[in-house]
Amino acid sequence: MCRLFGLISSPLRTHATFWLLDAPDSLSAQSHREPDGTGLGFFEADGTPEVHKAPIAAYEDRVFAREAREVESAAFLAHIRYASTGGLEVRNTHPFEQHGRLFAHNGVIEGLDLLDRHLGEDRSLVQGDTDSERFFALVTRETTAHGGDVSAGLVTAARWVAANLPLFALNVILVTDDELWALRYPATHELYVLERPAGGHHGSRHLDHAGRNGHLRVRSAALGERPAVVVASEPMDENPRWRLMAPGELLHVDRELRLTSSVALPDPPAHPLTLADLRPAAAASQRPA
């Protein structure tokens, strides 16, 4: 299953070090399926988005993913991909960038021919083959139609997909240089949020997060002294404040680190998919890694 990780410390910029693919150090880690791609997105001081990503199609890609990446930003987005749609190419690797925003997705959307027709000329925003980037293009279009309101754009796009397309899961994180949005829909996959005070649960610790599967690790000494909000596919430390987002919940963290949330999609998808309905590759991508 793809892994999502978003972190925001706005309005302050934070130094952080990411390892997107740890070297396996146990038989347990080696037993897990290797990811199909890794990516990290962040923003320069002037707000320009920067994305470092690679498909895991060769030894060189694994070397790329295991290198420590020290970056500074007020918002970060990392993704570990298990491919369900689209080949192992950079253009199909998350995060994606459109109109200065970064986006990553965990789930499966089918009926892509219908989605392409619905996108019309906005299909030109899509560079690759994935359902994820197509959905992002729909979010981008609806955000523009709502005067730049990302929350409205994300909800409108998700409601259209939920009403019209076969859907397994639509867990997403979207970030700008100083804001973060997350959506969990429906209850298929988990998505957690942590409102982390300066120093964490104990009040004196830097951030040191690691996924259970050993594929993503994040450290930030600066977060020993400043607050942040983290959204992730799983709790990544022992902090008891991790909260499982509700199915259909839309979360928004603004540029002052204020958090709001609501259940924006209370109803189930009109055309829900199960693992048994998915193609073998897609089904494999959605099982726990």
# chains A, B, ... in the order shown; residues from 1 in each chain; ligands from 1
call {"tool": "residues_around", "arguments": {"residues": "region 202-210 of chain A", "least_positions_apart": "6", "cutoff": "7 Å", "atoms": "only C-alpha atoms", "output": "ChimeraX atom specification"}}
result
/A:216-224,236-237
call {"tool": "residues_around", "arguments": {"residues": "region 181-186 of chain A", "least_positions_apart": "3", "cutoff": "9 Å", "atoms": "only C-alpha atoms", "output": "PyMOL selection string"}}
result
chain A and resi 6+150-151+154-155+158+168-176+189-191+231+245-254+264-269
call {"tool": "select_by_dssp", "arguments": {"residues": "region 5-249 of chain A", "states": "alpha helix (DSSP H)", "output": "PDB file with N, CA, C and O atoms, in the first residue's frame"}}
result
ATOM      1  N   LEU A  27      15.187  -9.607   8.455  1.00  0.00           N
ATOM      2  CA  LEU A  27      14.433 -10.512   7.601  1.00  0.00           C
ATOM      3  C   LEU A  27      13.009 -10.021   7.437  1.00  0.00           C
ATOM      4  O   LEU A  27      12.399 -10.174   6.382  1.00  0.00           O
ATOM      5  N   SER A  28      12.456  -9.396   8.492  1.00  0.00           N
ATOM      6  CA  SER A  28      11.100  -8.853   8.405  1.00  0.00           C
ATOM      7  C   SER A  28      11.014  -7.789   7.333  1.00  0.00           C
ATOM      8  O   SER A  28      10.111  -7.781   6.508  1.00  0.00           O
ATOM      9  N   ALA A  29      11.978  -6.858   7.334  1.00  0.00           N
ATOM     10  CA  ALA A  29      11.972  -5.796   6.329  1.00  0.00           C
ATOM     11  C   ALA A  29      12.157  -6.376   4.937  1.00  0.00           C
ATOM     12  O   ALA A  29      11.524  -5.934   3.975  1.00  0.00           O
ATOM     13  N   GLN A  30      13.019  -7.384   4.810  1.00  0.00           N
ATOM     14  CA  GLN A  30      13.283  -7.946   3.497  1.00  0.00           C
ATOM     15  C   GLN A  30      12.083  -8.695   2.945  1.00  0.00           C
ATOM     16  O   GLN A  30      11.973  -8.899   1.744  1.00  0.00           O
ATOM     17  N   TYR A  59      18.869  -0.248 -10.037  1.00  0.00           N
ATOM     18  CA  TYR A  59      19.718  -0.102  -8.850  1.00  0.00           C
ATOM     19  C   TYR A  59      19.983   1.374  -8.556  1.00  0.00           C
ATOM     20  O   TYR A  59      19.971   1.803  -7.395  1.00  0.00           O
ATOM     21  N   GLU A  60      20.181   2.168  -9.584  1.00  0.00           N
ATOM     22  CA  GLU A  60      20.466   3.590  -9.396  1.00  0.00           C
ATOM     23  C   GLU A  60      19.311   4.308  -8.707  1.00  0.00           C
ATOM     24  O   GLU A  60      19.512   5.240  -7.937  1.00  0.00           O
ATOM     25  N   ASP A  61      18.086   3.862  -8.984  1.00  0.00           N
ATOM     26  CA  ASP A  61      16.925   4.469  -8.336  1.00  0.00           C
ATOM     27  C   ASP A  61      16.918   4.174  -6.838  1.00  0.00           C
ATOM     28  O   ASP A  61      16.540   5.016  -6.031  1.00  0.00           O
ATOM     29  N   ARG A  62      17.340   2.966  -6.455  1.00  0.00           N
ATOM     30  CA  ARG A  62      17.389   2.633  -5.032  1.00  0.00           C
ATOM     31  C   ARG A  62      18.453   3.463  -4.328  1.00  0.00           C
ATOM     32  O   ARG A  62      18.256   3.913  -3.193  1.00  0.00           O
ATOM     33  N   VAL A  63      19.562   3.686  -4.982  1.00  0.00           N
ATOM     34  CA  VAL A  63      20.607   4.534  -4.415  1.00  0.00           C
ATOM     35  C   VAL A  63      20.059   5.946  -4.198  1.00  0.00           C
ATOM     36  O   VAL A  63      20.252   6.554  -3.140  1.00  0.00           O
ATOM     37  N   PHE A  64      19.352   6.468  -5.199  1.00  0.00           N
ATOM     38  CA  PHE A  64      18.726   7.789  -5.100  1.00  0.00           C
ATOM     39  C   PHE A  64      17.806   7.856  -3.888  1.00  0.00           C
ATOM     40  O   PHE A  64      17.833   8.816  -3.113  1.00  0.00           O
ATOM     41  N   ALA A  65      16.968   6.835  -3.711  1.00  0.00           N
ATOM     42  CA  ALA A  65      15.961   6.861  -2.653  1.00  0.00           C
ATOM     43  C   ALA A  65      16.566   6.690  -1.268  1.00  0.00           C
ATOM     44  O   ALA A  65      15.982   7.128  -0.278  1.00  0.00           O
ATOM     45  N   ARG A  66      17.744   6.053  -1.180  1.00  0.00           N
ATOM     46  CA  ARG A  66      18.344   5.808   0.137  1.00  0.00           C
ATOM     47  C   ARG A  66      19.244   6.954   0.595  1.00  0.00           C
ATOM     48  O   ARG A  66      19.651   6.990   1.747  1.00  0.00           O
ATOM     49  N   LEU A 112     -11.274   5.582 -16.079  1.00  0.00           N
ATOM     50  CA  LEU A 112     -10.452   6.728 -16.456  1.00  0.00           C
ATOM     51  C   LEU A 112     -10.849   7.344 -17.785  1.00  0.00           C
ATOM     52  O   LEU A 112     -10.618   8.537 -18.010  1.00  0.00           O
ATOM     53  N   ASP A 113     -11.461   6.574 -18.684  1.00  0.00           N
ATOM     54  CA  ASP A 113     -11.948   7.157 -19.936  1.00  0.00           C
ATOM     55  C   ASP A 113     -13.011   8.211 -19.654  1.00  0.00           C
ATOM     56  O   ASP A 113     -13.016   9.295 -20.265  1.00  0.00           O
ATOM     57  N   LEU A 114     -13.905   7.911 -18.728  1.00  0.00           N
ATOM     58  CA  LEU A 114     -14.941   8.877 -18.353  1.00  0.00           C
ATOM     59  C   LEU A 114     -14.329  10.091 -17.673  1.00  0.00           C
ATOM     60  O   LEU A 114     -14.738  11.234 -17.925  1.00  0.00           O
ATOM     61  N   LEU A 115     -13.329   9.861 -16.822  1.00  0.00           N
ATOM     62  CA  LEU A 115     -12.653  10.982 -16.164  1.00  0.00           C
ATOM     63  C   LEU A 115     -11.951  11.862 -17.198  1.00  0.00           C
ATOM     64  O   LEU A 115     -12.001  13.102 -17.110  1.00  0.00           O
ATOM     65  N   ASP A 116     -11.317  11.251 -18.188  1.00  0.00           N
ATOM     66  CA  ASP A 116     -10.665  12.029 -19.244  1.00  0.00           C
ATOM     67  C   ASP A 116     -11.674  12.895 -20.001  1.00  0.00           C
ATOM     68  O   ASP A 116     -11.405  14.063 -20.304  1.00  0.00           O
ATOM     69  N   ARG A 117     -12.830  12.327 -20.303  1.00  0.00           N
ATOM     70  CA  ARG A 117     -13.851  13.115 -21.005  1.00  0.00           C
ATOM     71  C   ARG A 117     -14.343  14.264 -20.129  1.00  0.00           C
ATOM     72  O   ARG A 117     -14.584  15.379 -20.621  1.00  0.00           O
ATOM     73  N   HIS A 118     -14.495  14.005 -18.852  1.00  0.00           N
ATOM     74  CA  HIS A 118     -14.939  15.052 -17.927  1.00  0.00           C
ATOM     75  C   HIS A 118     -13.898  16.166 -17.814  1.00  0.00           C
ATOM     76  O   HIS A 118     -14.258  17.348 -17.710  1.00  0.00           O
ATOM     77  N   LEU A 119     -12.619  15.803 -17.869  1.00  0.00           N
ATOM     78  CA  LEU A 119     -11.557  16.804 -17.797  1.00  0.00           C
ATOM     79  C   LEU A 119     -11.512  17.679 -19.048  1.00  0.00           C
ATOM     80  O   LEU A 119     -11.173  18.861 -18.975  1.00  0.00           O
ATOM     81  N   ASP A 131      -4.142   7.372 -12.413  1.00  0.00           N
ATOM     82  CA  ASP A 131      -5.419   7.886 -11.932  1.00  0.00           C
ATOM     83  C   ASP A 131      -5.193   9.059 -10.978  1.00  0.00           C
ATOM     84  O   ASP A 131      -5.975  10.022 -10.962  1.00  0.00           O
ATOM     85  N   SER A 132      -4.106   9.009 -10.216  1.00  0.00           N
ATOM     86  CA  SER A 132      -3.816  10.056  -9.234  1.00  0.00           C
ATOM     87  C   SER A 132      -3.638  11.419  -9.888  1.00  0.00           C
ATOM     88  O   SER A 132      -4.223  12.423  -9.450  1.00  0.00           O
ATOM     89  N   GLU A 133      -2.823  11.495 -10.941  1.00  0.00           N
ATOM     90  CA  GLU A 133      -2.561  12.778 -11.574  1.00  0.00           C
ATOM     91  C   GLU A 133      -3.813  13.293 -12.287  1.00  0.00           C
ATOM     92  O   GLU A 133      -4.051  14.511 -12.351  1.00  0.00           O
ATOM     93  N   ARG A 134      -4.616  12.394 -12.820  1.00  0.00           N
ATOM     94  CA  ARG A 134      -5.876  12.817 -13.430  1.00  0.00           C
ATOM     95  C   ARG A 134      -6.788  13.452 -12.376  1.00  0.00           C
ATOM     96  O   ARG A 134      -7.417  14.490 -12.608  1.00  0.00           O
ATOM     97  N   PHE A 135      -6.887  12.803 -11.205  1.00  0.00           N
ATOM     98  CA  PHE A 135      -7.720  13.385 -10.149  1.00  0.00           C
ATOM     99  C   PHE A 135      -7.168  14.743  -9.719  1.00  0.00           C
ATOM    100  O   PHE A 135      -7.943  15.688  -9.484  1.00  0.00           O
ATOM    101  N   PHE A 136      -5.854  14.861  -9.623  1.00  0.00           N
ATOM    102  CA  PHE A 136      -5.243  16.144  -9.275  1.00  0.00           C
ATOM    103  C   PHE A 136      -5.626  17.220 -10.298  1.00  0.00           C
ATOM    104  O   PHE A 136      -5.910  18.365  -9.934  1.00  0.00           O
ATOM    105  N   ALA A 137      -5.645  16.854 -11.570  1.00  0.00           N
ATOM    106  CA  ALA A 137      -6.051  17.815 -12.597  1.00  0.00           C
ATOM    107  C   ALA A 137      -7.488  18.274 -12.383  1.00  0.00           C
ATOM    108  O   ALA A 137      -7.818  19.454 -12.583  1.00  0.00           O
ATOM    109  N   LEU A 138      -8.346  17.346 -11.957  1.00  0.00           N
ATOM    110  CA  LEU A 138      -9.730  17.725 -11.670  1.00  0.00           C
ATOM    111  C   LEU A 138      -9.790  18.662 -10.464  1.00  0.00           C
ATOM    112  O   LEU A 138     -10.538  19.650 -10.473  1.00  0.00           O
ATOM    113  N   VAL A 139      -8.994  18.390  -9.443  1.00  0.00           N
ATOM    114  CA  VAL A 139      -8.920  19.282  -8.281  1.00  0.00           C
ATOM    115  C   VAL A 139      -8.443  20.669  -8.707  1.00  0.00           C
ATOM    116  O   VAL A 139      -8.991  21.698  -8.275  1.00  0.00           O
ATOM    117  N   THR A 140      -7.406  20.694  -9.541  1.00  0.00           N
ATOM    118  CA  THR A 140      -6.871  21.978 -10.008  1.00  0.00           C
ATOM    119  C   THR A 140      -7.932  22.770 -10.770  1.00  0.00           C
ATOM    120  O   THR A 140      -8.094  23.975 -10.555  1.00  0.00           O
ATOM    121  N   ARG A 141      -8.659  22.090 -11.658  1.00  0.00           N
ATOM    122  CA  ARG A 141      -9.703  22.785 -12.409  1.00  0.00           C
ATOM    123  C   ARG A 141     -10.794  23.321 -11.491  1.00  0.00           C
ATOM    124  O   ARG A 141     -11.232  24.478 -11.616  1.00  0.00           O
ATOM    125  N   GLU A 142     -11.245  22.494 -10.545  1.00  0.00           N
ATOM    126  CA  GLU A 142     -12.326  22.922  -9.666  1.00  0.00           C
ATOM    127  C   GLU A 142     -11.863  24.008  -8.703  1.00  0.00           C
ATOM    128  O   GLU A 142     -12.650  24.880  -8.314  1.00  0.00           O
ATOM    129  N   THR A 143     -10.603  23.981  -8.317  1.00  0.00           N
ATOM    130  CA  THR A 143     -10.067  25.048  -7.470  1.00  0.00           C
ATOM    131  C   THR A 143     -10.104  26.383  -8.205  1.00  0.00           C
ATOM    132  O   THR A 143     -10.506  27.406  -7.648  1.00  0.00           O
ATOM    133  N   THR A 144      -9.705  26.367  -9.469  1.00  0.00           N
ATOM    134  CA  THR A 144      -9.775  27.585 -10.276  1.00  0.00           C
ATOM    135  C   THR A 144     -11.219  28.056 -10.418  1.00  0.00           C
ATOM    136  O   THR A 144     -11.519  29.249 -10.304  1.00  0.00           O
ATOM    137  N   ALA A 145     -12.123  27.118 -10.640  1.00  0.00           N
ATOM    138  CA  ALA A 145     -13.537  27.466 -10.794  1.00  0.00           C
ATOM    139  C   ALA A 145     -14.129  28.058  -9.522  1.00  0.00           C
ATOM    140  O   ALA A 145     -15.104  28.821  -9.581  1.00  0.00           O
ATOM    141  N   VAL A 150      -8.985  25.971  -2.444  1.00  0.00           N
ATOM    142  CA  VAL A 150      -8.540  24.579  -2.593  1.00  0.00           C
ATOM    143  C   VAL A 150      -9.496  23.618  -1.899  1.00  0.00           C
ATOM    144  O   VAL A 150      -9.781  22.531  -2.413  1.00  0.00           O
ATOM    145  N   SER A 151     -10.006  23.985  -0.736  1.00  0.00           N
ATOM    146  CA  SER A 151     -10.942  23.109  -0.029  1.00  0.00           C
ATOM    147  C   SER A 151     -12.157  22.816  -0.899  1.00  0.00           C
ATOM    148  O   SER A 151     -12.575  21.654  -1.048  1.00  0.00           O
ATOM    149  N   ALA A 152     -12.725  23.853  -1.497  1.00  0.00           N
ATOM    150  CA  ALA A 152     -13.894  23.666  -2.358  1.00  0.00           C
ATOM    151  C   ALA A 152     -13.539  22.857  -3.589  1.00  0.00           C
ATOM    152  O   ALA A 152     -14.316  21.994  -4.033  1.00  0.00           O
ATOM    153  N   GLY A 153     -12.367  23.112  -4.167  1.00  0.00           N
ATOM    154  CA  GLY A 153     -11.950  22.367  -5.337  1.00  0.00           C
ATOM    155  C   GLY A 153     -11.758  20.898  -5.049  1.00  0.00           C
ATOM    156  O   GLY A 153     -12.175  20.025  -5.831  1.00  0.00           O
ATOM    157  N   LEU A 154     -11.142  20.593  -3.919  1.00  0.00           N
ATOM    158  CA  LEU A 154     -10.883  19.198  -3.549  1.00  0.00           C
ATOM    159  C   LEU A 154     -12.184  18.458  -3.268  1.00  0.00           C
ATOM    160  O   LEU A 154     -12.391  17.323  -3.722  1.00  0.00           O
ATOM    161  N   VAL A 155     -13.096  19.097  -2.549  1.00  0.00           N
ATOM    162  CA  VAL A 155     -14.365  18.452  -2.218  1.00  0.00           C
ATOM    163  C   VAL A 155     -15.220  18.259  -3.473  1.00  0.00           C
ATOM    164  O   VAL A 155     -15.811  17.183  -3.680  1.00  0.00           O
ATOM    165  N   THR A 156     -15.284  19.266  -4.335  1.00  0.00           N
ATOM    166  CA  THR A 156     -16.080  19.146  -5.558  1.00  0.00           C
ATOM    167  C   THR A 156     -15.554  18.017  -6.437  1.00  0.00           C
ATOM    168  O   THR A 156     -16.330  17.215  -6.973  1.00  0.00           O
ATOM    169  N   ALA A 157     -14.236  17.937  -6.588  1.00  0.00           N
ATOM    170  CA  ALA A 157     -13.641  16.870  -7.394  1.00  0.00           C
ATOM    171  C   ALA A 157     -13.902  15.502  -6.787  1.00  0.00           C
ATOM    172  O   ALA A 157     -14.270  14.548  -7.494  1.00  0.00           O
ATOM    173  N   ALA A 158     -13.743  15.377  -5.485  1.00  0.00           N
ATOM    174  CA  ALA A 158     -13.949  14.094  -4.821  1.00  0.00           C
ATOM    175  C   ALA A 158     -15.407  13.660  -4.899  1.00  0.00           C
ATOM    176  O   ALA A 158     -15.707  12.471  -5.093  1.00  0.00           O
ATOM    177  N   ARG A 159     -16.325  14.606  -4.760  1.00  0.00           N
ATOM    178  CA  ARG A 159     -17.744  14.249  -4.848  1.00  0.00           C
ATOM    179  C   ARG A 159     -18.108  13.783  -6.252  1.00  0.00           C
ATOM    180  O   ARG A 159     -18.920  12.854  -6.410  1.00  0.00           O
ATOM    181  N   TRP A 160     -17.523  14.404  -7.278  1.00  0.00           N
ATOM    182  CA  TRP A 160     -17.817  13.956  -8.636  1.00  0.00           C
ATOM    183  C   TRP A 160     -17.305  12.532  -8.858  1.00  0.00           C
ATOM    184  O   TRP A 160     -18.027  11.687  -9.416  1.00  0.00           O
ATOM    185  N   VAL A 161     -16.091  12.260  -8.407  1.00  0.00           N
ATOM    186  CA  VAL A 161     -15.545  10.901  -8.547  1.00  0.00           C
ATOM    187  C   VAL A 161     -16.395   9.907  -7.773  1.00  0.00           C
ATOM    188  O   VAL A 161     -16.732   8.825  -8.272  1.00  0.00           O
ATOM    189  N   ALA A 162     -16.770  10.258  -6.537  1.00  0.00           N
ATOM    190  CA  ALA A 162     -17.557   9.344  -5.704  1.00  0.00           C
ATOM    191  C   ALA A 162     -18.911   9.029  -6.330  1.00  0.00           C
ATOM    192  O   ALA A 162     -19.440   7.923  -6.167  1.00  0.00           O
ATOM    193  N   ALA A 163     -19.464   9.977  -7.067  1.00  0.00           N
ATOM    194  CA  ALA A 163     -20.784   9.781  -7.662  1.00  0.00           C
ATOM    195  C   ALA A 163     -20.739   9.083  -9.010  1.00  0.00           C
ATOM    196  O   ALA A 163     -21.728   8.449  -9.412  1.00  0.00           O
ATOM    197  N   ASN A 164     -19.594   9.159  -9.717  1.00  0.00           N
ATOM    198  CA  ASN A 164     -19.583   8.753 -11.123  1.00  0.00           C
ATOM    199  C   ASN A 164     -18.616   7.633 -11.484  1.00  0.00           C
ATOM    200  O   ASN A 164     -18.803   6.993 -12.538  1.00  0.00           O
TER     201      ASN A 164
END
call {"tool": "residues_around", "arguments": {"residues": "Ala74 (chain A)", "least_positions_apart": "3", "cutoff": "12 Å", "atoms": "only C-alpha atoms", "output": "PDB file with N, CA and C atoms, in the first residue's frame"}}
result
ATOM      1  N   GLY A   6       2.786  14.021   5.096  1.00  0.00           N
ATOM      2  CA  GLY A   6       2.820  15.464   4.934  1.00  0.00           C
ATOM      3  C   GLY A   6       3.154  16.121   6.256  1.00  0.00           C
ATOM      4  N   LEU A   7       3.941  17.188   6.204  1.00  0.00           N
ATOM      5  CA  LEU A   7       4.336  17.908   7.411  1.00  0.00           C
ATOM      6  C   LEU A   7       4.301  19.402   7.114  1.00  0.00           C
ATOM      7  N   ILE A   8       3.744  20.181   8.046  1.00  0.00           N
ATOM      8  CA  ILE A   8       3.709  21.625   7.885  1.00  0.00           C
ATOM      9  C   ILE A   8       4.068  22.305   9.198  1.00  0.00           C
ATOM     10  N   SER A   9       4.928  23.308   9.116  1.00  0.00           N
ATOM     11  CA  SER A   9       5.349  24.089  10.286  1.00  0.00           C
ATOM     12  C   SER A   9       5.117  25.573  10.061  1.00  0.00           C
ATOM     13  N   SER A  10       4.304  25.896   9.044  1.00  0.00           N
ATOM     14  CA  SER A  10       4.033  27.284   8.677  1.00  0.00           C
ATOM     15  C   SER A  10       3.581  28.094   9.910  1.00  0.00           C
ATOM     16  N   PRO A  11       3.995  29.368  10.020  1.00  0.00           N
ATOM     17  CA  PRO A  11       4.688  30.171   9.010  1.00  0.00           C
ATOM     18  C   PRO A  11       6.211  30.004   9.004  1.00  0.00           C
ATOM     19  N   LEU A  12       6.742  29.177   9.912  1.00  0.00           N
ATOM     20  CA  LEU A  12       8.189  29.025  10.013  1.00  0.00           C
ATOM     21  C   LEU A  12       8.688  27.955   9.056  1.00  0.00           C
ATOM     22  N   ARG A  13       9.829  28.195   8.448  1.00  0.00           N
ATOM     23  CA  ARG A  13      10.500  27.191   7.638  1.00  0.00           C
ATOM     24  C   ARG A  13      11.338  26.292   8.547  1.00  0.00           C
ATOM     25  N   THR A  14      11.376  25.008   8.206  1.00  0.00           N
ATOM     26  CA  THR A  14      12.007  24.012   9.060  1.00  0.00           C
ATOM     27  C   THR A  14      13.014  23.191   8.261  1.00  0.00           C
ATOM     28  N   HIS A  15      14.174  22.943   8.849  1.00  0.00           N
ATOM     29  CA  HIS A  15      15.137  21.994   8.268  1.00  0.00           C
ATOM     30  C   HIS A  15      14.719  20.578   8.648  1.00  0.00           C
ATOM     31  N   ALA A  16      14.723  19.680   7.677  1.00  0.00           N
ATOM     32  CA  ALA A  16      14.385  18.283   7.931  1.00  0.00           C
ATOM     33  C   ALA A  16      15.223  17.397   7.028  1.00  0.00           C
ATOM     34  N   GLY A  41       8.520  16.281  -1.975  1.00  0.00           N
ATOM     35  CA  GLY A  41       8.236  17.622  -2.443  1.00  0.00           C
ATOM     36  C   GLY A  41       8.358  18.631  -1.314  1.00  0.00           C
ATOM     37  N   PHE A  42       8.833  19.830  -1.639  1.00  0.00           N
ATOM     38  CA  PHE A  42       8.984  20.909  -0.663  1.00  0.00           C
ATOM     39  C   PHE A  42       9.014  22.222  -1.446  1.00  0.00           C
ATOM     40  N   PHE A  43       9.296  23.333  -0.752  1.00  0.00           N
ATOM     41  CA  PHE A  43       9.208  24.645  -1.397  1.00  0.00           C
ATOM     42  C   PHE A  43      10.429  25.494  -1.051  1.00  0.00           C
ATOM     43  N   GLU A  44      10.943  26.188  -2.056  1.00  0.00           N
ATOM     44  CA  GLU A  44      12.019  27.146  -1.842  1.00  0.00           C
ATOM     45  C   GLU A  44      11.473  28.360  -1.080  1.00  0.00           C
ATOM     46  N   ALA A  45      12.373  29.217  -0.622  1.00  0.00           N
ATOM     47  CA  ALA A  45      11.968  30.371   0.185  1.00  0.00           C
ATOM     48  C   ALA A  45      11.028  31.303  -0.568  1.00  0.00           C
ATOM     49  N   ASP A  46      11.127  31.345  -1.906  1.00  0.00           N
ATOM     50  CA  ASP A  46      10.249  32.211  -2.691  1.00  0.00           C
ATOM     51  C   ASP A  46       8.940  31.528  -3.073  1.00  0.00           C
ATOM     52  N   GLY A  47       8.685  30.316  -2.534  1.00  0.00           N
ATOM     53  CA  GLY A  47       7.459  29.590  -2.812  1.00  0.00           C
ATOM     54  C   GLY A  47       7.507  28.659  -3.988  1.00  0.00           C
ATOM     55  N   THR A  48       8.641  28.597  -4.677  1.00  0.00           N
ATOM     56  CA  THR A  48       8.771  27.698  -5.828  1.00  0.00           C
ATOM     57  C   THR A  48       8.767  26.240  -5.382  1.00  0.00           C
ATOM     58  N   PRO A  49       7.888  25.398  -5.939  1.00  0.00           N
ATOM     59  CA  PRO A  49       7.891  23.984  -5.553  1.00  0.00           C
ATOM     60  C   PRO A  49       9.098  23.252  -6.113  1.00  0.00           C
ATOM     61  N   VAL A  71      16.595  19.194   3.552  1.00  0.00           N
ATOM     62  CA  VAL A  71      15.883  20.272   2.873  1.00  0.00           C
ATOM     63  C   VAL A  71      15.256  21.205   3.904  1.00  0.00           C
ATOM     64  N   LEU A  77       6.016  17.087   1.503  1.00  0.00           N
ATOM     65  CA  LEU A  77       5.141  15.997   1.077  1.00  0.00           C
ATOM     66  C   LEU A  77       5.999  14.862   0.553  1.00  0.00           C
ATOM     67  N   VAL A 175      -0.409  20.096  -0.737  1.00  0.00           N
ATOM     68  CA  VAL A 175       0.264  21.171  -0.012  1.00  0.00           C
ATOM     69  C   VAL A 175       0.613  22.324  -0.946  1.00  0.00           C
ATOM     70  N   THR A 176       0.600  23.532  -0.377  1.00  0.00           N
ATOM     71  CA  THR A 176       1.215  24.697  -0.991  1.00  0.00           C
ATOM     72  C   THR A 176       2.428  25.041  -0.133  1.00  0.00           C
ATOM     73  N   ASP A 177       3.052  26.188  -0.397  1.00  0.00           N
ATOM     74  CA  ASP A 177       4.238  26.528   0.378  1.00  0.00           C
ATOM     75  C   ASP A 177       3.911  26.878   1.825  1.00  0.00           C
ATOM     76  N   ASP A 178       2.610  27.087   2.161  1.00  0.00           N
ATOM     77  CA  ASP A 178       2.292  27.424   3.551  1.00  0.00           C
ATOM     78  C   ASP A 178       0.949  26.869   4.029  1.00  0.00           C
ATOM     79  N   GLU A 179       0.348  25.919   3.289  1.00  0.00           N
ATOM     80  CA  GLU A 179      -0.899  25.298   3.722  1.00  0.00           C
ATOM     81  C   GLU A 179      -0.887  23.811   3.368  1.00  0.00           C
ATOM     82  N   LEU A 180      -1.753  23.061   4.058  1.00  0.00           N
ATOM     83  CA  LEU A 180      -1.857  21.614   3.829  1.00  0.00           C
ATOM     84  C   LEU A 180      -3.318  21.200   3.887  1.00  0.00           C
ATOM     85  N   ALA A 222      14.865  20.999  14.467  1.00  0.00           N
ATOM     86  CA  ALA A 222      14.153  22.265  14.664  1.00  0.00           C
ATOM     87  C   ALA A 222      12.809  22.066  15.336  1.00  0.00           C
ATOM     88  N   LEU A 223      12.177  20.898  15.151  1.00  0.00           N
ATOM     89  CA  LEU A 223      10.864  20.676  15.723  1.00  0.00           C
ATOM     90  C   LEU A 223      10.923  20.293  17.195  1.00  0.00           C
ATOM     91  N   ARG A 226       9.614  24.056  17.923  1.00  0.00           N
ATOM     92  CA  ARG A 226       8.481  24.688  17.251  1.00  0.00           C
ATOM     93  C   ARG A 226       7.427  23.640  16.930  1.00  0.00           C
ATOM     94  N   PRO A 227       6.174  24.049  16.842  1.00  0.00           N
ATOM     95  CA  PRO A 227       5.095  23.093  16.576  1.00  0.00           C
ATOM     96  C   PRO A 227       4.994  22.740  15.097  1.00  0.00           C
ATOM     97  N   ALA A 228       4.251  21.683  14.821  1.00  0.00           N
ATOM     98  CA  ALA A 228       4.002  21.242  13.451  1.00  0.00           C
ATOM     99  C   ALA A 228       2.745  20.389  13.439  1.00  0.00           C
ATOM    100  N   VAL A 229       2.208  20.188  12.258  1.00  0.00           N
ATOM    101  CA  VAL A 229       1.126  19.226  12.045  1.00  0.00           C
ATOM    102  C   VAL A 229       1.620  18.194  11.048  1.00  0.00           C
ATOM    103  N   VAL A 230       1.388  16.930  11.357  1.00  0.00           N
ATOM    104  CA  VAL A 230       1.826  15.824  10.508  1.00  0.00           C
ATOM    105  C   VAL A 230       0.609  15.003  10.102  1.00  0.00           C
ATOM    106  N   VAL A 253      -4.937  22.743   7.167  1.00  0.00           N
ATOM    107  CA  VAL A 253      -4.032  23.459   8.073  1.00  0.00           C
ATOM    108  C   VAL A 253      -3.627  24.740   7.362  1.00  0.00           C
ATOM    109  N   ASP A 254      -3.924  25.893   7.970  1.00  0.00           N
ATOM    110  CA  ASP A 254      -3.676  27.153   7.288  1.00  0.00           C
ATOM    111  C   ASP A 254      -2.265  27.660   7.556  1.00  0.00           C
ATOM    112  N   ARG A 255      -1.947  28.847   7.043  1.00  0.00           N
ATOM    113  CA  ARG A 255      -0.582  29.376   7.090  1.00  0.00           C
ATOM    114  C   ARG A 255      -0.142  29.802   8.487  1.00  0.00           C
ATOM    115  N   GLU A 256      -1.094  29.805   9.461  1.00  0.00           N
ATOM    116  CA  GLU A 256      -0.748  30.072  10.858  1.00  0.00           C
ATOM    117  C   GLU A 256      -0.807  28.806  11.694  1.00  0.00           C
ATOM    118  N   LEU A 257      -0.864  27.656  11.049  1.00  0.00           N
ATOM    119  CA  LEU A 257      -0.894  26.334  11.660  1.00  0.00           C
ATOM    120  C   LEU A 257      -2.207  26.068  12.393  1.00  0.00           C
TER     121      LEU A 257
END
call {"tool": "atom_distance", "arguments": {"atom1": "CA of Ala283 (chain A)", "atom2": "CA of Asn106 (chain A)"}}
result
12.4 Å
call {"tool": "closest_residue", "arguments": {"among": "A:Asp36, A:Asp129, A:Glu50, A:Asp122", "to": "Gly100 (chain A)", "atoms": "only C-alpha atoms"}}
result
A:Glu50
call {"tool": "atom_distance", "arguments": {"atom1": "CA of His271 (chain A)", "atom2": "CA of Gly111 (chain A)"}}
result
10.4 Å
call {"tool": "closest_residue", "arguments": {"among": "A:Arg69, A:His146, A:Lys53, A:His99", "to": "Leu125 (chain A)", "atoms": "only C-alpha atoms"}}
result
A:His99
